[in-house]
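Visitor: Coordinates in start23.csv, CSV, C-alpha atoms, are listed below.
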chain,number,residue,atom,x,y,z
A,1,MET,CA,1.5,37.9,-84.8
A,2,THR,CA,3.5,34.6,-84.7
A,3,TRP,CA,2.8,31.2,-86.1
A,4,LEU,CA,3.5,29.7,-82.7
A,5,ASP,CA,0.6,28.8,-80.6
A,6,LEU,CA,1.2,31.2,-77.7
A,7,PRO,CA,-1.2,32.3,-74.9
A,8,ALA,CA,-2.6,35.8,-75.4
A,9,ASP,CA,-1.0,37.0,-72.2
A,10,THR,CA,2.4,35.5,-72.7
A,11,LEU,CA,5.3,37.5,-71.3
A,12,PHE,CA,7.6,36.0,-73.9
A,13,GLY,CA,6.0,36.9,-77.2
A,14,ILE,CA,7.3,38.3,-80.4
A,15,THR,CA,7.8,41.8,-78.8
A,16,ASN,CA,10.2,40.4,-76.2
A,17,LEU,CA,12.6,37.8,-77.6
A,18,PRO,CA,15.2,37.7,-74.8
A,19,TYR,CA,18.6,36.1,-75.4
A,20,GLY,CA,20.2,33.4,-73.3
A,21,VAL,CA,22.5,30.4,-73.3
A,22,TYR,CA,21.3,26.8,-72.9
A,23,SER,CA,22.3,23.2,-73.4
A,24,HIS,CA,20.2,20.3,-74.5
A,25,GLY,CA,21.2,16.8,-73.4
A,26,SER,CA,24.9,16.2,-73.7
A,27,ALA,CA,25.4,18.9,-76.3
A,28,ALA,CA,27.6,21.9,-75.5
A,29,PRO,CA,26.0,25.2,-74.4
A,30,ARG,CA,24.9,27.6,-77.2
A,31,CYS,CA,23.0,30.8,-77.6
A,32,GLY,CA,19.2,30.9,-78.0
A,33,VAL,CA,16.3,33.2,-77.8
A,34,ARG,CA,13.1,32.5,-75.8
A,35,ILE,CA,9.7,32.6,-77.5
A,36,GLY,CA,6.8,31.4,-75.3
A,37,GLY,CA,7.7,28.1,-73.7
A,38,HIS,CA,10.5,27.3,-76.1
A,39,VAL,CA,14.1,28.2,-76.9
A,40,LEU,CA,15.1,28.8,-80.5
A,41,ASP,CA,18.6,27.6,-81.5
A,42,LEU,CA,19.9,30.7,-83.1
A,43,ALA,CA,22.9,29.3,-85.0
A,44,ALA,CA,20.7,26.7,-86.7
A,45,ALA,CA,17.7,29.0,-87.3
A,46,LEU,CA,19.8,31.8,-88.8
A,47,ALA,CA,21.9,29.5,-91.0
A,48,PRO,CA,23.3,29.7,-93.7
A,49,ASP,CA,24.2,33.2,-92.7
A,50,PRO,CA,27.9,32.8,-91.8
A,51,ALA,CA,27.6,35.6,-89.2
A,52,ALA,CA,25.3,33.3,-87.3
A,53,GLU,CA,28.3,31.2,-86.2
A,54,VAL,CA,28.7,33.5,-83.2
A,55,PHE,CA,25.6,31.9,-81.7
A,56,ALA,CA,27.2,28.4,-81.7
A,57,ALA,CA,29.1,29.5,-78.6
A,58,PRO,CA,28.7,29.2,-74.8
A,59,THR,CA,28.2,33.0,-74.3
A,60,LEU,CA,26.5,35.9,-75.9
A,61,ASN,CA,29.7,38.0,-75.8
A,62,ALA,CA,30.8,37.6,-79.5
A,63,PHE,CA,27.3,38.7,-80.7
A,64,MET,CA,27.0,41.5,-78.2
A,65,ALA,CA,30.4,42.9,-79.3
A,66,GLN,CA,29.1,43.3,-82.9
A,67,GLY,CA,27.2,46.4,-81.9
A,68,ARG,CA,23.8,48.1,-82.1
A,69,ASP,CA,23.2,47.8,-85.9
A,70,ARG,CA,23.8,44.0,-85.8
A,71,TRP,CA,21.6,43.6,-82.7
A,72,SER,CA,18.7,45.3,-84.6
A,73,ALA,CA,19.3,43.3,-87.8
A,74,VAL,CA,19.2,40.0,-86.0
A,75,ARG,CA,16.1,41.0,-84.0
A,76,ALA,CA,14.3,42.0,-87.2
A,77,ARG,CA,15.3,38.7,-88.9
A,78,LEU,CA,14.0,36.7,-85.9
A,79,VAL,CA,10.7,38.6,-86.0
A,80,GLU,CA,10.4,37.8,-89.7
A,81,LEU,CA,11.2,34.1,-89.1
A,82,LEU,CA,8.7,33.7,-86.3
A,83,THR,CA,5.8,35.7,-87.9
A,84,ASP,CA,6.0,34.6,-91.6
A,85,GLU,CA,4.3,31.2,-92.0
A,86,ALA,CA,6.6,30.6,-95.0
A,87,HIS,CA,9.5,30.1,-92.6
A,88,ARG,CA,7.7,27.7,-90.2
A,89,ALA,CA,8.9,24.4,-91.7
A,90,ALA,CA,12.5,25.5,-91.6
A,91,VAL,CA,12.5,27.1,-88.2
A,92,GLU,CA,10.2,24.9,-86.1
A,93,PRO,CA,12.6,21.9,-85.9
A,94,HIS,CA,15.1,24.2,-84.0
A,95,LEU,CA,12.7,25.0,-81.2
A,96,ARG,CA,13.4,23.3,-77.9
A,97,PRO,CA,10.8,23.1,-75.0
A,98,LEU,CA,12.1,24.9,-71.9
A,99,ALA,CA,11.5,21.8,-69.8
A,100,GLU,CA,14.1,20.0,-71.9
A,101,VAL,CA,17.0,22.5,-71.7
A,102,THR,CA,19.4,23.7,-69.0
A,103,PRO,CA,20.0,27.4,-68.8
A,104,HIS,CA,23.5,28.8,-68.2
A,105,LEU,CA,25.1,32.1,-67.4
A,106,PRO,CA,24.2,34.0,-70.6
A,107,PHE,CA,27.4,36.1,-70.9
A,108,GLU,CA,30.9,36.0,-69.7
A,109,VAL,CA,31.1,38.8,-67.1
A,110,GLY,CA,33.9,41.4,-67.5
A,111,ASP,CA,33.6,43.9,-64.7
A,112,TYR,CA,30.8,44.2,-62.2
A,113,VAL,CA,29.6,47.5,-60.7
A,114,ASP,CA,26.8,47.9,-58.2
A,115,PHE,CA,25.0,51.2,-57.7
A,116,TYR,CA,22.8,52.7,-54.9
A,117,ALA,CA,20.3,54.4,-57.1
A,118,SER,CA,17.0,54.2,-55.2
A,119,GLU,CA,16.2,57.3,-53.1
A,120,HIS,CA,13.7,55.3,-51.0
A,121,HIS,CA,16.2,52.5,-50.3
A,122,ALA,CA,19.0,54.9,-49.5
A,123,SER,CA,16.7,57.0,-47.3
A,124,ASN,CA,15.5,54.0,-45.4
A,125,ILE,CA,19.1,52.8,-44.8
A,126,GLY,CA,20.1,56.3,-43.7
A,127,ARG,CA,17.2,56.5,-41.2
A,128,MET,CA,18.2,53.2,-39.7
A,129,PHE,CA,21.9,54.1,-39.3
A,130,ARG,CA,21.8,57.9,-38.9
A,131,PRO,CA,18.4,58.5,-37.2
A,132,ASN,CA,19.1,62.1,-36.1
A,133,THR,CA,20.6,63.4,-39.4
A,134,ASP,CA,19.8,63.8,-43.0
A,135,PRO,CA,19.2,60.2,-44.3
A,136,LEU,CA,21.0,60.9,-47.5
A,137,THR,CA,24.7,61.8,-47.7
A,138,PRO,CA,25.5,65.3,-49.2
A,139,ASN,CA,26.7,63.8,-52.5
A,140,TRP,CA,23.7,61.4,-53.0
A,141,LYS,CA,21.6,63.7,-55.3
A,142,HIS,CA,24.6,64.9,-57.3
A,143,LEU,CA,26.0,61.6,-58.5
A,144,PRO,CA,25.0,57.9,-58.7
A,145,ILE,CA,26.9,56.3,-55.9
A,146,GLY,CA,28.4,52.9,-56.6
A,147,TYR,CA,31.2,50.4,-56.0
A,148,HIS,CA,33.2,47.8,-58.0
A,149,GLY,CA,32.2,44.2,-57.1
A,150,ARG,CA,33.7,40.9,-58.0
A,151,SER,CA,32.8,39.5,-61.4
A,152,GLY,CA,34.0,36.0,-60.7
A,153,THR,CA,31.2,35.3,-58.2
A,154,VAL,CA,28.4,36.4,-60.5
A,155,VAL,CA,26.4,33.1,-60.9
A,156,PRO,CA,23.4,32.0,-62.9
A,157,SER,CA,19.9,31.8,-61.4
A,158,GLY,CA,19.4,28.5,-59.5
A,159,THR,CA,22.9,28.3,-58.1
A,160,PRO,CA,22.7,27.5,-54.4
A,161,ILE,CA,24.1,30.3,-52.2
A,162,VAL,CA,26.4,29.1,-49.4
A,163,ARG,CA,26.0,31.3,-46.2
A,164,PRO,CA,29.2,33.3,-46.0
A,165,ARG,CA,31.5,33.4,-43.0
A,166,GLY,CA,33.6,36.3,-41.8
A,167,GLN,CA,34.2,38.8,-39.1
A,168,ARG,CA,31.1,40.3,-37.5
A,169,LYS,CA,30.6,42.6,-34.5
A,170,ALA,CA,27.3,43.6,-33.0
A,171,PRO,CA,27.1,47.0,-31.4
A,172,GLU,CA,26.9,45.5,-27.9
A,173,GLU,CA,30.0,43.4,-28.5
A,174,THR,CA,33.5,44.6,-27.5
A,175,PHE,CA,35.5,42.6,-30.0
A,176,PRO,CA,34.6,41.0,-33.4
A,177,THR,CA,34.0,37.3,-33.7
A,178,PHE,CA,34.4,35.0,-36.7
A,179,GLY,CA,31.6,32.7,-38.0
A,180,PRO,CA,28.6,32.4,-40.3
A,181,SER,CA,26.7,35.6,-41.3
A,182,ARG,CA,23.7,36.1,-38.9
A,183,ARG,CA,22.1,38.8,-41.1
A,184,LEU,CA,22.1,37.4,-44.6
A,185,ASP,CA,20.0,39.4,-47.0
A,186,ILE,CA,18.8,39.9,-50.6
A,187,GLU,CA,18.9,42.9,-52.8
A,188,ALA,CA,16.3,43.0,-55.6
A,189,GLU,CA,18.0,44.8,-58.5
A,190,VAL,CA,18.0,45.3,-62.2
A,191,GLY,CA,21.2,44.7,-64.2
A,192,PHE,CA,22.5,46.2,-67.5
A,193,VAL,CA,24.8,44.2,-69.8
A,194,VAL,CA,27.3,46.1,-71.9
A,195,GLY,CA,27.7,45.0,-75.5
A,196,THR,CA,29.9,47.5,-77.3
A,197,PRO,CA,33.1,48.4,-75.5
A,198,SER,CA,34.5,51.9,-75.1
A,199,ALA,CA,38.1,53.2,-75.3
A,200,LEU,CA,40.2,54.0,-72.2
A,201,GLY,CA,40.1,57.7,-71.6
A,202,GLU,CA,36.9,58.3,-73.5
A,203,PRO,CA,33.7,58.8,-71.4
A,204,VAL,CA,30.5,57.4,-72.6
A,205,SER,CA,28.0,60.2,-72.9
A,206,ILE,CA,24.5,59.8,-71.6
A,207,ASP,CA,22.9,59.8,-75.1
A,208,ALA,CA,25.3,57.0,-76.1
A,209,PHE,CA,23.7,54.6,-73.6
A,210,PRO,CA,21.7,52.5,-76.2
A,211,ASP,CA,24.9,52.2,-78.4
A,212,HIS,CA,26.7,50.4,-75.6
A,213,VAL,CA,24.1,48.6,-73.5
A,214,PHE,CA,22.9,45.4,-75.1
A,215,GLY,CA,20.1,44.5,-72.7
A,216,VAL,CA,18.6,44.1,-69.2
A,217,CYS,CA,18.5,41.2,-66.7
A,218,LEU,CA,17.4,40.7,-63.1
A,219,VAL,CA,19.9,40.6,-60.3
A,220,ASN,CA,19.9,39.4,-56.7
A,221,ASP,CA,23.0,40.9,-55.1
A,222,TRP,CA,23.1,38.8,-51.9
A,223,SER,CA,24.3,40.8,-49.0
A,224,SER,CA,25.7,39.9,-45.5
A,225,ARG,CA,24.7,42.9,-43.4
A,226,ASP,CA,26.7,42.0,-40.4
A,227,LEU,CA,30.0,41.4,-42.3
A,228,GLN,CA,29.3,44.5,-44.3
A,229,ALA,CA,28.6,46.7,-41.2
A,230,TRP,CA,31.9,45.8,-39.6
A,231,GLU,CA,34.1,46.1,-42.6
A,232,TYR,CA,32.8,48.9,-44.8
A,233,VAL,CA,34.4,51.9,-43.0
A,234,PRO,CA,36.4,53.5,-44.6
A,235,LEU,CA,36.5,51.8,-48.0
A,236,GLY,CA,33.0,50.3,-48.5
A,237,PRO,CA,31.6,46.9,-49.4
A,238,PHE,CA,34.0,43.9,-49.6
A,239,LEU,CA,33.4,40.4,-48.2
A,240,GLY,CA,29.8,41.2,-47.2
A,241,LYS,CA,29.0,41.5,-50.9
A,242,SER,CA,31.6,39.5,-52.9
A,243,PHE,CA,30.5,36.0,-52.1
A,244,ALA,CA,27.7,35.8,-54.7
A,245,THR,CA,25.6,37.8,-57.1
A,246,SER,CA,22.8,35.9,-59.0
A,247,VAL,CA,21.5,36.9,-62.5
A,248,SER,CA,18.5,35.8,-64.5
A,249,PRO,CA,19.1,33.5,-67.5
A,250,TRP,CA,17.5,35.8,-70.0
A,251,VAL,CA,18.8,39.2,-71.2
A,252,VAL,CA,16.0,41.3,-72.6
A,253,PRO,CA,17.3,43.5,-75.5
A,254,LEU,CA,17.1,47.2,-74.9
A,255,GLU,CA,15.1,47.5,-78.1
A,256,ALA,CA,12.3,45.5,-76.6
A,257,LEU,CA,11.8,48.0,-73.8
A,258,GLU,CA,11.0,51.1,-75.9
A,259,ALA,CA,7.4,51.1,-74.6
A,260,ALA,CA,8.7,50.9,-71.0
A,261,ARG,CA,10.7,54.1,-71.2
A,262,ILE,CA,9.4,56.9,-68.9
A,263,ALA,CA,10.6,60.1,-67.4
A,264,PRO,CA,12.7,59.9,-64.2
A,265,PRO,CA,11.4,61.4,-60.9
A,266,PRO,CA,11.7,65.2,-60.5
A,267,ARG,CA,15.2,66.3,-59.6
A,268,ASP,CA,15.9,68.3,-56.4
A,269,HIS,CA,19.1,69.8,-57.7
A,270,THR,CA,20.4,71.0,-61.1
A,271,LEU,CA,22.6,68.2,-62.4
A,272,LEU,CA,26.0,68.7,-63.9
A,273,PRO,CA,25.9,68.6,-67.7
A,274,TYR,CA,27.2,65.1,-68.1
A,275,LEU,CA,24.3,63.8,-66.1
A,276,SER,CA,21.6,65.9,-67.6
A,277,ASP,CA,18.5,64.0,-68.6
A,278,THR,CA,18.5,64.8,-72.3
A,279,ASP,CA,16.7,61.5,-73.1
A,280,ASN,CA,14.3,59.6,-70.9
A,281,TRP,CA,15.8,56.3,-69.9
A,282,ALA,CA,13.9,55.6,-66.7
A,283,LEU,CA,12.1,52.2,-67.1
A,284,ASP,CA,8.7,51.2,-65.9
A,285,LEU,CA,9.6,47.7,-64.5
A,286,SER,CA,7.5,46.1,-61.8
A,287,LEU,CA,9.5,43.6,-59.7
A,288,GLU,CA,8.2,40.9,-57.4
A,289,VAL,CA,10.1,39.3,-54.5
A,290,ARG,CA,9.1,35.9,-53.1
A,291,VAL,CA,10.6,34.1,-50.1
A,292,ASN,CA,9.7,30.4,-50.0
A,293,ASP,CA,7.1,31.1,-52.7
A,294,GLN,CA,5.3,33.9,-50.7
A,295,VAL,CA,5.3,37.4,-52.2
A,296,VAL,CA,6.9,39.7,-49.7
A,297,SER,CA,7.5,42.8,-51.8
A,298,ARG,CA,6.7,44.4,-55.2
A,299,PRO,CA,9.3,47.1,-55.8
A,300,PRO,CA,8.7,49.6,-58.7
A,301,PHE,CA,11.8,50.4,-60.8
A,302,SER,CA,10.0,53.5,-62.1
A,303,THR,CA,10.8,55.3,-58.8
A,304,MET,CA,14.6,55.0,-59.2
A,305,TYR,CA,16.2,58.4,-58.8
A,306,TRP,CA,19.1,57.6,-61.1
A,307,THR,CA,18.6,56.1,-64.6
A,308,PRO,CA,20.8,53.4,-66.2
A,309,ALA,CA,22.0,56.0,-68.7
A,310,GLN,CA,23.2,58.2,-65.9
A,311,MET,CA,24.9,55.3,-64.2
A,312,LEU,CA,26.9,54.5,-67.3
A,313,ALA,CA,27.8,58.1,-67.9
A,314,HIS,CA,29.1,58.5,-64.4
A,315,MET,CA,30.9,55.2,-64.4
A,316,THR,CA,33.0,56.3,-67.4
A,317,VAL,CA,33.2,60.1,-66.9
A,318,ASN,CA,36.7,59.7,-65.4
A,319,GLY,CA,37.9,57.9,-68.6
A,320,ALA,CA,37.2,54.3,-67.3
A,321,SER,CA,36.5,52.0,-70.2
A,322,VAL,CA,33.8,49.4,-70.4
A,323,ARG,CA,34.2,46.0,-72.0
A,324,THR,CA,31.8,43.5,-73.7
A,325,GLY,CA,30.2,41.6,-70.9
A,326,ASP,CA,30.5,44.2,-68.2
A,327,LEU,CA,27.5,44.2,-65.8
A,328,TYR,CA,26.3,47.0,-63.8
A,329,ALA,CA,23.3,46.9,-61.5
A,330,SER,CA,20.9,49.4,-60.0
A,331,GLY,CA,21.3,48.6,-56.4
A,332,THR,CA,18.3,47.7,-54.3
A,333,VAL,CA,15.0,48.7,-55.9
A,334,SER,CA,12.6,50.1,-53.3
A,335,GLY,CA,9.4,52.2,-53.5
A,336,PRO,CA,7.8,54.5,-51.0
A,337,GLU,CA,5.5,51.9,-49.4
A,338,ARG,CA,6.4,49.2,-46.9
A,339,ASP,CA,5.4,46.4,-49.3
A,340,GLN,CA,7.7,47.9,-52.0
A,341,ARG,CA,11.0,47.5,-50.1
A,342,GLY,CA,13.5,45.4,-52.0
A,343,CYS,CA,15.5,43.8,-49.2
A,344,LEU,CA,14.9,42.2,-45.8
A,345,MET,CA,16.9,44.9,-44.1
A,346,GLU,CA,14.2,47.4,-45.0
A,347,LEU,CA,11.3,44.9,-44.7
A,348,SER,CA,12.2,44.0,-41.2
A,349,TRP,CA,13.6,47.5,-40.4
A,350,GLY,CA,17.0,46.2,-39.4
A,351,GLY,CA,15.5,43.2,-37.6
A,352,LYS,CA,13.2,45.2,-35.3
A,353,GLU,CA,10.0,44.4,-37.2
A,354,PRO,CA,10.1,40.7,-38.2
A,355,LEU,CA,8.4,39.7,-41.4
A,356,LYS,CA,5.5,37.2,-40.9
A,357,LEU,CA,5.2,34.3,-43.4
A,358,ASP,CA,2.1,32.4,-44.2
A,359,ASP,CA,3.4,29.2,-42.6
A,360,GLY,CA,3.6,31.0,-39.2
A,361,SER,CA,7.3,31.5,-39.2
A,362,VAL,CA,8.9,35.0,-39.1
A,363,ARG,CA,12.0,36.4,-40.8
A,364,THR,CA,14.3,39.2,-40.0
A,365,PHE,CA,17.0,37.9,-42.3
A,366,LEU,CA,17.4,34.7,-44.4
A,367,GLU,CA,17.6,31.3,-42.8
A,368,ASP,CA,19.2,28.2,-44.2
A,369,GLY,CA,16.9,26.5,-46.7
A,370,ASP,CA,15.1,29.7,-47.7
A,371,GLU,CA,14.5,30.1,-51.4
A,372,VAL,CA,14.3,33.6,-52.9
A,373,THR,CA,12.9,34.3,-56.3
A,374,ILE,CA,12.8,37.7,-58.1
A,375,THR,CA,10.7,38.3,-61.2
A,376,ALA,CA,9.7,41.4,-63.2
A,377,VAL,CA,7.4,42.6,-66.0
A,378,ALA,CA,7.4,45.7,-68.2
A,379,PRO,CA,5.1,47.2,-70.8
A,380,GLY,CA,5.9,46.0,-74.3
A,381,ALA,CA,4.9,47.1,-77.8
A,382,ASN,CA,1.3,46.9,-79.0
A,383,GLY,CA,-0.1,46.6,-75.4
A,384,THR,CA,1.9,43.4,-74.6
A,385,ARG,CA,3.9,42.7,-71.5
A,386,ILE,CA,7.6,41.9,-71.3
A,387,GLY,CA,8.9,39.2,-68.9
A,388,PHE,CA,12.4,38.8,-67.6
A,389,GLY,CA,12.1,35.3,-66.3
A,390,GLU,CA,13.3,34.8,-62.7
A,391,VAL,CA,16.4,34.9,-60.7
A,392,THR,CA,16.3,32.4,-57.8
A,393,GLY,CA,18.6,31.0,-55.2
A,394,THR,CA,18.4,28.8,-52.1
A,395,ILE,CA,20.5,29.3,-49.0
A,396,LEU,CA,22.8,26.5,-47.9
A,397,PRO,CA,24.5,26.3,-44.5
A,398,ALA,CA,27.9,27.8,-44.0
A,399,ARG,CA,30.9,25.5,-44.6
Could you rewrite the structure in this file as structure tokens?
Guide:
Amino acid sequence: MTWLDLPADTLFGITNLPYGVYSHGSAAPRCGVRIGGHVLDLAAALAPDPAAEVFAAPTLNAFMAQGRDRWSAVRARLVELLTDEAHRAAVEPHLRPLAEVTPHLPFEVGDYVDFYASEHHASNIGRMFRPNTDPLTPNWKHLPIGYHGRSGTVVPSGTPIVRPRGQRKAPEETFPTFGPSRRLDIEAEVGFVVGTPSALGEPVSIDAFPDHVFGVCLVNDWSSRDLQAWEYVPLGPFLGKSFATSVSPWVVPLEALEAARIAPPPRDHTLLPYLSDTDNWALDLSLEVRVNDQVVSRPPFSTMYWTPAQMLAHMTVNGASVRTGDLYASGTVSGPERDQRGCLMELSWGGKEPLKLDDGSVRTFLEDGDEVTITAVAPGANGTRIGFGEVTGTILPAR
């Protein structure tokens, strides 16, 4: 369907076209769209349209703020440019090989919210910490639980992660000590990027989700389990989560994921009207987690109890506004099987069942030098598959 010479099984074909920000040589960062193994310079390719000037910028925010109609119009124009041979001579000079460019954080992050939307993950954590009680808290199936994180420490894929330091107290210890985290973990998540803002005091209804959310990216919300365990009562995550959150360099537009939409899992309770599933926005994404290039988990996003539309509706039901560039993430994605758990806390069952790697080493939590990579694919239009690129990070020693 395109005049580019792409492999038949490419994850970045014409049905995907994810957006990102890149630089080439000494030039300033600017917006692009990925097609196969290339990045298309959007400002140059869409010229002389004066509206294309928003792409000659180091973030996608100005474009995302233009709203759903503009997103659709640009996508349609890109499909035309990349499929009609008549445009080849004008467009081809603006394609850059991926190997020649440097990716950057694709959007300026406004606020960051992290949810806890996987029933399997929440149940596993509950069984570990509350073994003789219901693993889920009484509110869990009535609302999407979440917390506000720190947007200033959201970093692009490839950024090294310095092991955090802080207070930690093991159960057998009488007093806390201060030092490097001993239980550094990953959280394989899916992120949703807000394009169109909302007004303060006006909730975003569940059916308005595609009017506000521009696209989807991958997230690794690094977690220090020992810092978190000591600090989180009574107010929740703080230093154990705020030191770094990594995101993938490509934002897949929501329009590219129509074929990935599925019904959410059956509900155990009748939901309040503002959370009612009037439109199916569960997504059939298949994640893969690698530690030092070894696959350790394949979490299915299709099993998530709460959908991204419900998360946005709950996040704003009190009148809280959203801004262009706001990021909210799903929380750890885990499935029902052991090899579908999206964090080392679950994979090693709190450190009691060490994970064996192919090189003979074992892991309960991350060691200095470990590299973690998360990828994902989803069904695309016309039988294609959609790729999200990867989000990766390497652990550096504490400073």
Visitor: For each of A:Leu227, A:Val251, A:Ala329, A:Ala117, take the minimum atom-to-atom distance to Gly179 of chain A, counting only C-alpha atoms, then give the residue where this is smallest.
Guide: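 Closest to Gly179 of chain A, using only C-alpha atoms: A:Leu227.
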Visitor: Which residues are near Arg88 of chain A? Cut-off 9 Å, all atoms listed in the file, ignore same chain within fewer than 5 positions. Put them as a PyMOL selection string.
Guide: chain A and resi 3-4+81-83+93
Visitor: Which of these, A:Arg77, A:Leu327, A:Ile14, A:Asp268, has the shortest distance to His148 of chain A once you count all atoms listed in the file?
Guide: A:Leu327
Visitor: Which of these, A:Val362, A:Ala56, A:Val193, A:Val39, has the shortest distance to Val109 of chain A once you count only C-alpha atoms?
Guide: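 Residue with the minimum atom-to-atom distance to Val109 of chain A: A:Val193.
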Visitor: Under the rule that only C-alpha atoms are counted, which of A:Ser26, A:Gln340, A:Ser72, A:Thr394 is the nearest residue to Val296 of chain A?
Guide: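 Of A:Ser26, A:Gln340, A:Ser72, A:Thr394, the one nearest Val296 of chain A is A:Gln340, counting only C-alpha atoms.
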Visitor: Give me, please, the distance in Å between atom CA of Asn280 of chain A and atom CA of Ser123 of chain A, quoted to one decimal.
Guide: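 The value is 23.9 Å.
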Visitor: Would you pick out the contacts of Ala170 of chain A at 9 Å or less, using all atoms listed in the file, so that residues sharing its chain but fewer than 3 positions from it are not included, and give the list as a list in words?
Guide: Glu173, Thr174, Phe175, Pro176, Asp226, Ala229 and Trp230 of chain A
Visitor: Interatomic distance between atom CA of Tyr112 of chain A and atom CA of Tyr328 of chain A?
Guide: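 Those two atoms sit 5.5 Å apart.
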Visitor: Restricting the calculation to all atoms listed in the file: of A:Ala376, A:Ile35, A:Ala259, A:Glu202, which residue gets closest to Thr2 of chain A?
Guide: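 Looking only at the distances to Thr2 of chain A, the closest residue turns out to be A:Ile35.
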Visitor: Could you tell me how far atom CA of Lys241 of chain A lies from atom CA of Pro354 of chain A, in Å and to one decimal?
Guide: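 Between atom CA of Lys241 of chain A and atom CA of Pro354 of chain A the gap is 22.8 Å.
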